[in-house]
Every structure is written in structure tokens, then in C-alpha cells.
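Chemist: Dropping in data-v5.cif, with mmCIF, C-alpha atoms and all ligand atoms.
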```
data_coords
loop_
_atom_site.label_atom_id
_atom_site.label_comp_id
_atom_site.auth_asym_id
_atom_site.auth_seq_id
_atom_site.Cartn_x
_atom_site.Cartn_y
_atom_site.Cartn_z
CA MET T 1 -8.06 -38.33 -1.89
CA ASN T 2 -7.09 -35.53 -4.20
CA LEU T 3 -8.55 -32.41 -2.64
CA ASP T 4 -7.72 -30.16 -5.56
CA SER T 5 -11.03 -29.22 -7.06
CA SER T 6 -12.57 -32.61 -6.34
CA ARG T 7 -16.36 -32.62 -6.50
CA GLY T 8 -17.52 -32.23 -2.88
CA SER T 9 -21.24 -32.48 -3.56
CA GLN T 10 -23.74 -31.58 -6.26
CA THR T 11 -23.24 -27.84 -5.79
CA THR T 12 -19.85 -27.35 -4.16
CA SER T 13 -16.29 -28.30 -4.86
CA ARG T 14 -13.13 -28.47 -2.77
CA VAL T 15 -10.34 -26.32 -4.16
CA GLY T 16 -6.84 -26.97 -2.87
CA VAL T 17 -3.52 -25.20 -2.73
CA ALA T 18 -2.20 -26.67 -6.01
CA VAL T 19 -5.07 -25.12 -7.98
CA PHE T 20 -4.55 -21.72 -6.36
CA LYS T 21 -0.82 -21.90 -7.08
CA GLY T 22 -1.43 -22.77 -10.73
CA THR T 23 -4.01 -20.08 -11.36
CA GLY T 24 -2.15 -17.60 -9.17
CA SER T 25 0.96 -18.00 -11.30
CA ARG T 26 -1.11 -17.14 -14.38
CA LEU T 27 -2.45 -14.02 -12.64
CA GLU T 28 1.05 -12.78 -11.73
CA SER T 29 1.47 -10.94 -15.03
CA LEU T 30 -1.82 -9.03 -14.70
CA SER T 31 -2.17 -5.49 -13.39
CA ALA T 32 -4.02 -4.76 -10.15
CA ASP T 33 -7.09 -3.59 -12.10
CA GLU T 34 -7.01 -6.76 -14.20
CA ILE T 35 -6.87 -8.98 -11.09
CA ILE T 36 -9.84 -7.07 -9.66
CA HIS T 37 -11.76 -7.62 -12.93
CA TRP T 38 -10.79 -11.32 -12.91
CA THR T 39 -12.26 -11.52 -9.41
CA LEU T 40 -15.52 -9.94 -10.60
CA ASP T 41 -15.65 -12.38 -13.54
CA THR T 42 -14.92 -15.42 -11.38
CA PHE T 43 -16.99 -15.01 -8.22
CA PRO T 44 -20.77 -14.45 -7.96
CA ILE T 45 -22.22 -11.01 -7.32
CA GLY T 46 -22.59 -10.45 -3.59
CA LYS T 47 -19.79 -12.88 -2.72
CA ILE T 48 -16.84 -10.47 -2.99
CA ALA T 49 -15.46 -8.17 -0.30
CA VAL T 50 -12.36 -6.12 0.39
CA LEU T 51 -10.75 -6.29 3.82
CA SER T 52 -9.09 -3.00 4.71
CA ALA T 53 -7.64 -1.29 7.76
CA PHE T 54 -7.50 1.93 5.67
CA GLN T 55 -3.75 2.23 5.72
CA LYS T 56 -2.07 3.54 2.58
CA ALA T 57 -2.13 0.35 0.47
CA GLY T 58 -5.65 -0.44 1.65
CA CYS T 59 -6.71 3.05 0.62
CA VAL T 60 -5.22 2.47 -2.84
CA LEU T 61 -7.25 -0.75 -3.15
CA CYS T 62 -10.48 0.84 -1.89
CA HIS T 63 -9.98 3.85 -4.18
CA SER T 64 -9.44 1.42 -7.10
CA ILE T 65 -12.79 -0.25 -6.36
CA ALA T 66 -14.46 3.17 -6.45
CA ARG T 67 -12.53 4.33 -9.54
CA LEU T 68 -13.65 1.19 -11.40
CA GLY T 69 -17.28 1.89 -10.42
CA LEU T 70 -17.63 -1.32 -8.40
CA GLN T 71 -19.14 0.19 -5.23
CA SER T 72 -22.38 -1.76 -5.57
CA ARG T 73 -20.66 -5.06 -6.35
CA VAL T 74 -17.94 -5.21 -3.71
CA ASP T 75 -18.40 -4.72 0.04
CA VAL T 76 -15.58 -3.28 2.11
CA LEU T 77 -14.97 -4.81 5.55
CA PHE T 78 -13.33 -2.85 8.33
CA VAL T 79 -12.56 -4.47 11.68
CA ASP T 80 -13.40 -1.79 14.22
CA THR T 81 -11.63 -2.89 17.40
CA GLY T 82 -13.30 -0.12 19.39
CA VAL T 83 -9.90 1.38 20.21
CA ASN T 84 -8.98 2.86 16.84
CA PHE T 85 -7.76 6.43 16.51
CA PRO T 86 -10.55 8.96 15.80
CA GLU T 87 -8.63 9.87 12.63
CA THR T 88 -9.00 6.29 11.38
CA ILE T 89 -12.76 6.29 11.95
CA GLU T 90 -13.04 9.67 10.18
CA THR T 91 -11.11 8.23 7.22
CA VAL T 92 -13.47 5.24 7.05
CA ASP T 93 -16.48 7.58 7.10
CA ARG T 94 -15.01 9.61 4.24
CA TYR T 95 -14.76 6.46 2.09
CA ARG T 96 -18.47 5.93 2.67
CA THR T 97 -19.59 9.46 1.94
CA GLU T 98 -17.07 10.63 -0.69
CA TYR T 99 -16.34 7.39 -2.59
CA GLY T 100 -19.72 5.72 -2.04
CA LEU T 101 -18.25 2.48 -0.73
CA ASN T 102 -20.36 0.10 1.31
CA VAL T 103 -18.03 -0.12 4.31
CA ILE T 104 -19.23 -2.68 6.83
CA ALA T 105 -17.73 -2.42 10.32
CA LEU T 106 -17.13 -5.67 12.18
CA HIS T 107 -17.04 -5.39 15.97
CA PRO T 108 -15.67 -7.54 18.81
CA GLU T 109 -18.16 -9.18 21.11
CA ARG T 110 -17.10 -7.10 24.14
CA THR T 111 -16.11 -3.47 24.56
CA MET T 112 -12.48 -2.93 25.52
CA ALA T 113 -13.66 -1.74 28.94
CA ARG T 114 -15.53 -4.99 29.58
CA GLN T 115 -12.69 -7.10 28.22
CA THR T 116 -10.26 -5.29 30.54
CA ALA T 117 -12.57 -5.67 33.53
CA GLU T 118 -12.82 -9.42 32.89
CA GLU T 119 -9.29 -10.25 31.68
CA GLY T 120 -7.04 -7.33 32.59
CA VAL T 121 -5.00 -5.11 30.27
CA LEU T 122 -4.03 -7.78 27.76
CA TYR T 123 -1.97 -5.80 25.30
CA LEU T 124 0.85 -5.14 27.79
CA SER T 125 2.39 -8.60 27.37
CA LYS T 126 3.19 -10.60 24.22
CA GLU T 127 0.84 -13.43 25.15
CA GLY T 128 -1.86 -10.96 26.12
CA GLN T 129 -1.42 -9.03 22.88
CA GLU T 130 -1.95 -12.22 20.88
CA ARG T 131 -5.15 -12.90 22.79
CA CYS T 132 -6.31 -9.28 22.47
CA CYS T 133 -5.72 -9.30 18.69
CA GLU T 134 -7.54 -12.62 18.51
CA LEU T 135 -10.53 -11.24 20.41
CA ARG T 136 -10.66 -7.80 18.78
CA LYS T 137 -9.44 -8.49 15.23
CA LYS T 138 -9.57 -12.15 14.23
CA ASP T 139 -12.80 -13.12 15.98
CA PRO T 140 -14.86 -10.24 14.47
CA LEU T 141 -13.65 -11.26 11.01
CA LYS T 142 -14.85 -14.82 11.61
CA GLN T 143 -18.39 -13.41 11.56
CA ILE T 144 -18.18 -13.38 7.75
CA ARG T 145 -17.59 -17.13 7.38
CA GLY T 146 -20.16 -18.40 4.88
CA ARG T 147 -21.01 -14.90 3.64
CA TYR T 148 -18.28 -14.37 0.98
CA GLU T 149 -16.23 -16.51 -1.39
CA ALA T 150 -13.55 -13.93 -2.24
CA LEU T 151 -11.72 -11.54 0.05
CA LEU T 152 -9.47 -8.94 -1.58
CA SER T 153 -6.76 -7.30 0.48
CA SER T 154 -3.82 -5.00 -0.04
CA LEU T 155 -0.97 -7.27 1.09
CA HIS T 156 2.09 -6.73 -1.07
CA ARG T 157 5.45 -8.45 -1.21
CA SER T 158 7.48 -5.24 -0.92
CA ASP T 159 6.31 -5.07 2.72
CA GLY T 160 9.01 -7.71 3.35
CA GLY T 161 9.17 -10.23 6.20
CA ARG T 162 6.64 -13.03 5.91
CA ARG T 163 4.74 -10.98 3.34
CA ALA T 164 7.60 -11.24 0.84
CA LYS T 165 6.25 -14.63 -0.25
CA THR T 166 2.54 -13.79 -0.30
CA PRO T 167 0.81 -15.56 -3.20
CA VAL T 168 -1.68 -13.81 -5.47
CA LEU T 169 -4.33 -16.37 -4.51
CA ALA T 170 -4.53 -18.39 -1.31
CA PRO T 171 -7.16 -20.44 0.51
CA ASP T 172 -8.26 -19.10 3.88
CA ILE T 173 -9.41 -22.23 5.61
CA GLU T 174 -10.71 -20.41 8.71
CA LEU T 175 -13.05 -18.22 6.67
CA ASN T 176 -13.58 -20.79 3.86
CA LEU T 177 -12.89 -18.32 1.09
CA VAL T 178 -10.19 -17.26 -1.34
CA ARG T 179 -7.76 -14.51 -0.37
CA ILE T 180 -6.86 -12.38 -3.41
CA HIS T 181 -4.04 -9.84 -3.47
CA PRO T 182 -4.30 -7.50 -6.50
CA LEU T 183 -1.51 -5.20 -5.25
CA ILE T 184 0.92 -8.07 -4.76
CA SER T 185 3.67 -6.51 -6.90
CA ILE T 186 3.24 -2.88 -5.94
CA THR T 187 6.18 -1.00 -4.39
CA GLU T 188 6.03 1.65 -1.65
CA GLU T 189 7.01 4.25 -4.26
CA GLU T 190 4.12 3.17 -6.50
CA ILE T 191 1.70 3.39 -3.57
CA GLU T 192 2.83 6.96 -2.85
CA ALA T 193 2.68 7.85 -6.56
CA TYR T 194 -0.88 6.45 -6.89
CA ILE T 195 -2.01 8.42 -3.83
CA ARG T 196 -0.54 11.64 -5.23
CA GLN T 197 -1.84 11.09 -8.76
CA HIS T 198 -5.42 10.39 -7.67
CA GLY T 199 -5.56 12.59 -4.58
CA VAL T 200 -6.56 9.53 -2.56
CA ILE T 201 -8.04 10.09 0.90
CA VAL T 202 -5.59 8.73 3.49
CA ASN T 203 -5.44 8.64 7.26
CA PRO T 204 -4.17 12.09 8.39
CA LEU T 205 -1.97 10.35 10.97
CA HIS T 206 0.42 9.39 8.16
CA ASP T 207 1.45 13.06 8.02
CA GLN T 208 1.98 13.10 11.80
CA GLY T 209 4.75 10.49 11.99
CA TYR T 210 2.71 7.29 11.73
CA PRO T 211 3.77 5.31 8.62
CA THR T 212 1.39 2.52 9.69
CA VAL T 213 -1.66 2.78 11.93
CA SER T 214 -3.44 0.19 14.06
CA CYS T 215 -5.18 0.48 17.45
CA ALA T 216 -4.38 3.64 19.45
CA ARG T 217 -3.21 1.51 22.40
CA CYS T 218 -0.51 -0.20 20.37
CA THR T 219 0.68 2.36 17.79
CA THR T 220 3.14 5.22 18.22
CA PRO T 221 4.81 7.56 15.73
CA VAL T 222 8.26 6.54 14.47
CA LEU T 223 11.43 8.55 14.64
CA PRO T 224 13.52 9.46 11.59
CA GLY T 225 15.64 6.46 10.63
CA GLU T 226 13.42 3.92 12.37
CA ASP T 227 11.75 1.06 10.53
CA GLU T 228 8.26 1.82 9.21
CA ARG T 229 6.73 -0.69 11.63
CA ALA T 230 8.76 0.49 14.62
CA GLY T 231 5.67 2.21 16.01
CA ARG T 232 3.69 -1.03 16.25
CA TRP T 233 3.66 -2.69 19.68
CA ARG T 234 6.69 -0.57 20.67
CA HIS T 235 5.91 -1.26 24.34
CA LEU T 236 6.54 -4.98 23.68
CA GLU T 237 9.95 -4.15 22.24
CA HIS T 238 8.74 -5.48 18.91
CA ALA T 239 8.25 -9.02 20.17
CA SER T 240 5.13 -8.85 17.98
CA GLN T 241 5.07 -7.74 14.37
CA TYR T 242 1.60 -8.66 13.17
CA CYS T 243 -1.91 -9.10 14.50
CA ASN T 244 -2.23 -12.30 12.41
CA ILE T 245 -5.50 -11.32 10.79
CA ASN T 246 -3.84 -12.17 7.44
CA PRO T 247 -2.85 -15.82 6.86
CA PRO T 248 0.59 -14.97 5.31
CA ASP T 249 1.54 -13.19 8.56
CA ARG T 250 1.08 -16.30 10.68
CA ALA T 251 3.97 -18.54 11.63
CA ARG T 252 2.19 -21.53 10.15
CA GLY T 253 2.02 -21.07 6.41
CA GLY T 254 -0.53 -22.85 4.28
CA ASP T 255 0.35 -26.40 3.28
CA ASN T 256 -0.71 -28.67 0.47
CA SER T 257 -3.58 -30.16 2.46
CA ASP T 258 -5.35 -26.81 2.79
CA PHE T 259 -8.53 -26.40 0.79
CA VAL T 260 -11.71 -24.38 0.73
CA GLU T 261 -15.16 -25.44 -0.40
CA LEU T 262 -16.60 -23.16 -3.09
CA SER T 263 -19.58 -23.30 -5.40
CA TYR T 264 -18.88 -25.77 -8.20
CA GLU T 265 -19.13 -23.09 -10.88
CA THR T 266 -16.63 -20.81 -9.11
CA ALA T 267 -14.21 -23.70 -8.56
CA GLN T 268 -14.34 -24.54 -12.26
CA LYS T 269 -13.67 -20.95 -13.27
CA ILE T 270 -10.63 -20.78 -10.98
CA GLU T 271 -9.18 -24.08 -12.13
CA ASN T 272 -9.79 -23.50 -15.83
CA TYR T 273 -8.57 -19.88 -16.01
CA GLU T 274 -6.17 -19.29 -18.87
CA ILE T 275 -4.72 -15.94 -19.90
S1 LIG T 301 -3.43 -3.94 18.30
FE1 LIG T 301 -3.34 -3.84 20.58
S2 LIG T 301 -5.34 -3.04 21.29
FE2 LIG T 301 -5.53 -3.65 19.11
S3 LIG T 301 -6.37 -5.68 19.19
FE3 LIG T 301 -4.13 -5.92 19.05
S4 LIG T 301 -3.36 -5.97 21.16
FE4 LIG T 301 -5.50 -5.26 21.25
#
```
What does the file become when written as C-alpha cells?
Modeler:
Amino acid sequence: MNLDSSRGSQTTSRVGVAVFKGTGSRLESLSADEIIHWTLDTFPIGKIAVLSAFQKAGCVLCHSIARLGLQSRVDVLFVDTGVNFPETIETVDRYRTEYGLNVIALHPERTMARQTAEEGVLYLSKEGQERCCELRKKDPLKQIRGRYEALLSSLHRSDGGRRAKTPVLAPDIELNLVRIHPLISITEEEIEAYIRQHGVIVNPLHDQGYPTVSCARCTTPVLPGEDERAGRWRHLEHASQYCNINPPDRARGGDNSDFVELSYETAQKIENYEI
């Protein structure tokens, strides 16, 4: 059976990898703002969200949503693991109050204290870290399954590693929605330039030696000359690089059998998009 945009029922349609690749290639030439507008034109109101950890690129994306006046049309999702730095939480609050974004915090089922009491200090081993990130990052995000059809994020190819091949559009089969990456072509220099030009609110930890910021338990500053991600899971001697909340970061990439089930109208708009 051809899963690419085959009619799944009267109201929904399965959209497969080939369709996303085709439309994604046509979106490659668009600017970040144009990809955001395409998203607004393609998906129903109330079905679009941004996923952000409020690092620099995420702040650029969230600021763009506010600059384009889309605060009432796009939710912003923040996975609050319960062990974030206070500076991160303050940054999130500023996006609510100063940019008017509807930031929705997603929480793990258990507090870190209860998790530790029941399972031990997980993040001190590679296997434990994977479970901890699953429990405190991936599982909270699964709460949104069925709620949205489009999830924008700030992944960009210049981040390197597995992200160097991130597509503009990709199915997220776990969440049954479309991952969209408007900043796909942005460089680190362009991120810095955008932040300077617009005076974007960023996590104050970036000025204290933290190029990237995750949970306080697993993030340290980096020394001059170290890789930007050297401060992540330093205690594991970098056996881990990603929390795997983003599909392109996972060892298993998407394959041609992946598909998501969308409303028929949305599926048609994606498949039939022409520049
Ligand atoms: S980054 Fe560390 S503390 Fe945070 S969820 Fe992952 S393992 Fe747990």
C-alpha cells in the first residue's frame, strides 16, 4: 500500500516521507519567516506549536513568532524537567510577560526527588541518563499527541553531527505530527546577529560560559577552546550528546515507511504546495 497521502478515512489522510521530502525541497529556498507563514497557511488554527528549550536559536524562533504578531495563533511548548536552572525559568517567564507568548510548560509525572527515591540517581550513568531524559523530557512531550498537527523547532544544520542532515519537514510518528524547521539554514553567526539586531531576550547563562543550556544536573560551563557542547553531560565523558527529544538526534533516522495521519485538507495542502 502506498502510504504517501493515501486516503485513510473520510476526514484524515496518511502522509508519508516521500511527500515531506518533495514539499520540503520546495520550502528550502524560503526564508525562515516565509516557512513560518507557510505553516500558518497550511495547518488549522490551534494546531500549531513551537517546541523550545529557550536556547539561542529557540529564542530567535520564539522572538520571530512574536515579531510576526502570531502570539495568539501559535502556542510555545517548554519541557520543564523540574531541574532547570533558575535563569532558564526566568527567561521563559520573560517571553510570557514581555513578548506575550502563550508558553505552556510540560512536566514529568514525578518530581526529581521522587524519581531518585524510586530509581536512584539516574543521570550518573549513560544508560541512566537515557532513561532520565526519557522520563523527564520525552515522556512529557508525549502529552501533546493528538493536540497539534505542526511542531516548529529551531534545529539547524550548522549545529553539525546528526543535525547536519535535518530536513525542513519530517514526520514525527511518536507524536503524529509534522516537525517543521524554519531556521534550517541559519548559521551561528546569523543567530548572534539576529539576537543583537533585535535585542532578543536570551538566557543570561550564555554570558557566564554556557554556550548551550539544559538541566542544571547535566550542564557545566565550557572552557575556552572547548566544543560548544562540551558542557553537556560532561560527567559522562560525552558518551551522550543529545537527549533525543528531537527525531533527527536519534540513532534511528526516519525511513520511507514512516507516516503521520493528518486531516485530509492539511494533507492535500502539504502535497500540493508549489512555490
Ligand atoms: S539532562 Fe540530565 S537531569 Fe535532565 S532529563 Fe536528561 S539526564 Fe535527566
Chemist: Please identify all polymer residues within 9 Å of Leu101 in chain T, counting all atoms listed in the file, omitting same-chain residues fewer than 4 positions from it, and present them as a tab-separated table (two decimals) with C-alpha atoms, in the frame of the given file.
Modeler:
```
chain	number	residue	atom	x	y	z
T	62	CYS	CA	-10.48	0.84	-1.89
T	65	ILE	CA	-12.79	-0.25	-6.36
T	66	ALA	CA	-14.46	3.17	-6.45
T	70	LEU	CA	-17.63	-1.32	-8.40
T	71	GLN	CA	-19.14	0.19	-5.23
T	72	SER	CA	-22.38	-1.76	-5.57
T	74	VAL	CA	-17.94	-5.21	-3.71
T	75	ASP	CA	-18.40	-4.72	0.04
T	76	VAL	CA	-15.58	-3.28	2.11
T	95	TYR	CA	-14.76	6.46	2.09
T	96	ARG	CA	-18.47	5.93	2.67
T	97	THR	CA	-19.59	9.46	1.94
```
Chemist: I need the residue nearest Lys138 in chain T from this list: T:Asp93, T:Glu119, T:Glu189, T:Asp80. Use all atoms listed in the file for the distance.
Modeler: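 Going through T:Asp93, T:Glu119, T:Glu189, T:Asp80 one by one, the smallest distance to Lys138 in chain T is for T:Asp80.
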Chemist: Between CA of Gly231 in chain T and CA of Leu183 in chain T, measure the distance and give it in Å to one decimal.
Modeler: 23.6 Å
Chemist: Around ligand LIG 301 (chain T), out to 8 Å and counting only C-alpha atoms and all ligand atoms, which residues are there? I want them as a list in words.
Modeler: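 So, counting only C-alpha atoms and all ligand atoms, the residues near ligand LIG 301 (chain T) are Thr81, Val83, Asn84, Leu122, Tyr123, Leu124, Gly128, Gln129, Glu130, Arg131, Cys132, Cys133, Glu134, Leu135, Arg136, Lys137, Ser214, Cys215, Ala216, Arg217, Cys218, Thr219, Arg232, Trp233 and Cys243 of chain T.
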Chemist: Give as a ChimeraX atom specification each residue that has an atom at most 10 Å from (-6.2, 9.4, -9.5) in the file, counting only C-alpha atoms.
Modeler: /T:60,63-64,67,193-200
Chemist: Work out how far CA of Gly24 in chain T is from CA of Asn246 in chain T, in Å to one decimal.
Modeler: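 Interatomic distance, CA of Asn246 in chain T to CA of Gly24 in chain T: 17.6 Å.
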Chemist: For a cutoff of 10 Å around the file-coordinate point (-16.7, -19.0, -13.3), which residues qualify once you count all atoms listed in the file? I'd like the result as a tab-separated table (two decimals) with C-alpha atoms, in the coordinates of the input.
Modeler:
```tsv
chain	number	residue	atom	x	y	z
T	38	TRP	CA	-10.79	-11.32	-12.91
T	39	THR	CA	-12.26	-11.52	-9.41
T	40	LEU	CA	-15.52	-9.94	-10.60
T	41	ASP	CA	-15.65	-12.38	-13.54
T	42	THR	CA	-14.92	-15.42	-11.38
T	43	PHE	CA	-16.99	-15.01	-8.22
T	44	PRO	CA	-20.77	-14.45	-7.96
T	263	SER	CA	-19.58	-23.30	-5.40
T	264	TYR	CA	-18.88	-25.77	-8.20
T	265	GLU	CA	-19.13	-23.09	-10.88
T	266	THR	CA	-16.63	-20.81	-9.11
T	267	ALA	CA	-14.21	-23.70	-8.56
T	268	GLN	CA	-14.34	-24.54	-12.26
T	269	LYS	CA	-13.67	-20.95	-13.27
T	270	ILE	CA	-10.63	-20.78	-10.98
T	271	GLU	CA	-9.18	-24.08	-12.13
T	272	ASN	CA	-9.79	-23.50	-15.83
T	273	TYR	CA	-8.57	-19.88	-16.01
```
Chemist: For Val168 in chain T, which residue among T:Gly120, T:Val79, T:Ile184, T:Ser153 is the nearest when counting all atoms listed in the file?
Modeler: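 Counting all atoms listed in the file, the residue closest to Val168 in chain T is T:Ile184.
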Chemist: For Ile191 in chain T, which residue among T:Gln208, T:Ser158, T:Asn203, T:Thr23 is the nearest when counting all atoms listed in the file?
Modeler: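 Of T:Gln208, T:Ser158, T:Asn203, T:Thr23, the one nearest Ile191 in chain T is T:Ser158, counting all atoms listed in the file.
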Chemist: At what distance in Å, to one decimal, does CA of Arg157 in chain T lie from CA of Ser185 in chain T?
Modeler: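 Value for the CA of Ser185 in chain T-CA of Arg157 in chain T distance: 6.3 Å.
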Chemist: Which residue, T:Thr12, T:Arg179, T:Asp258, T:Pro204, has the smallest gap to Phe85 in chain T when you use all atoms listed in the file?
Modeler: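 Answer, going by the shortest atom-to-atom distance: T:Pro204.
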Chemist: Give me the residues near Gly146 in chain T as a list in words, where near means some atom within 12 Å (using all atoms listed in the file) and where sequence neighbours in that chain fewer than 2 positions away do not count.
Modeler: Gly46, Lys47, Ile48, Leu141, Lys142, Gln143, Ile144, Tyr148, Glu149, Ala150, Leu151, Asp172, Ile173, Glu174, Leu175, Asn176, Leu177, Val178, Val260, Glu261, Leu262 and Ser263 of chain T
Chemist: For Asp139 in chain T, which residue out of T:Asn244, T:Ala113, T:Tyr210, T:Thr91 is the nearest one, using all atoms listed in the file?
Modeler: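 Of all the options, T:Asn244 lies closest to Asp139 in chain T.
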Chemist: Would you pick out the contacts of Asp207 in chain T at 12 Å or less, using only C-alpha atoms, so that residues sharing its chain but fewer than 3 positions from it are not included, and give the list as a list in words?
Modeler: Lys56, Glu87, Val202, Asn203, Pro204, Tyr210, Pro211, Thr212, Val213, Pro221 and Val222 of chain T
Chemist: Just checking: using all atoms listed in the file, which residue out of T:Arg250, T:Arg145, T:Ala49, T:Pro86 ends up closest to Ile104 in chain T?
Modeler: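 Nearest candidate to Ile104 in chain T out of T:Arg250, T:Arg145, T:Ala49, T:Pro86: T:Ala49.
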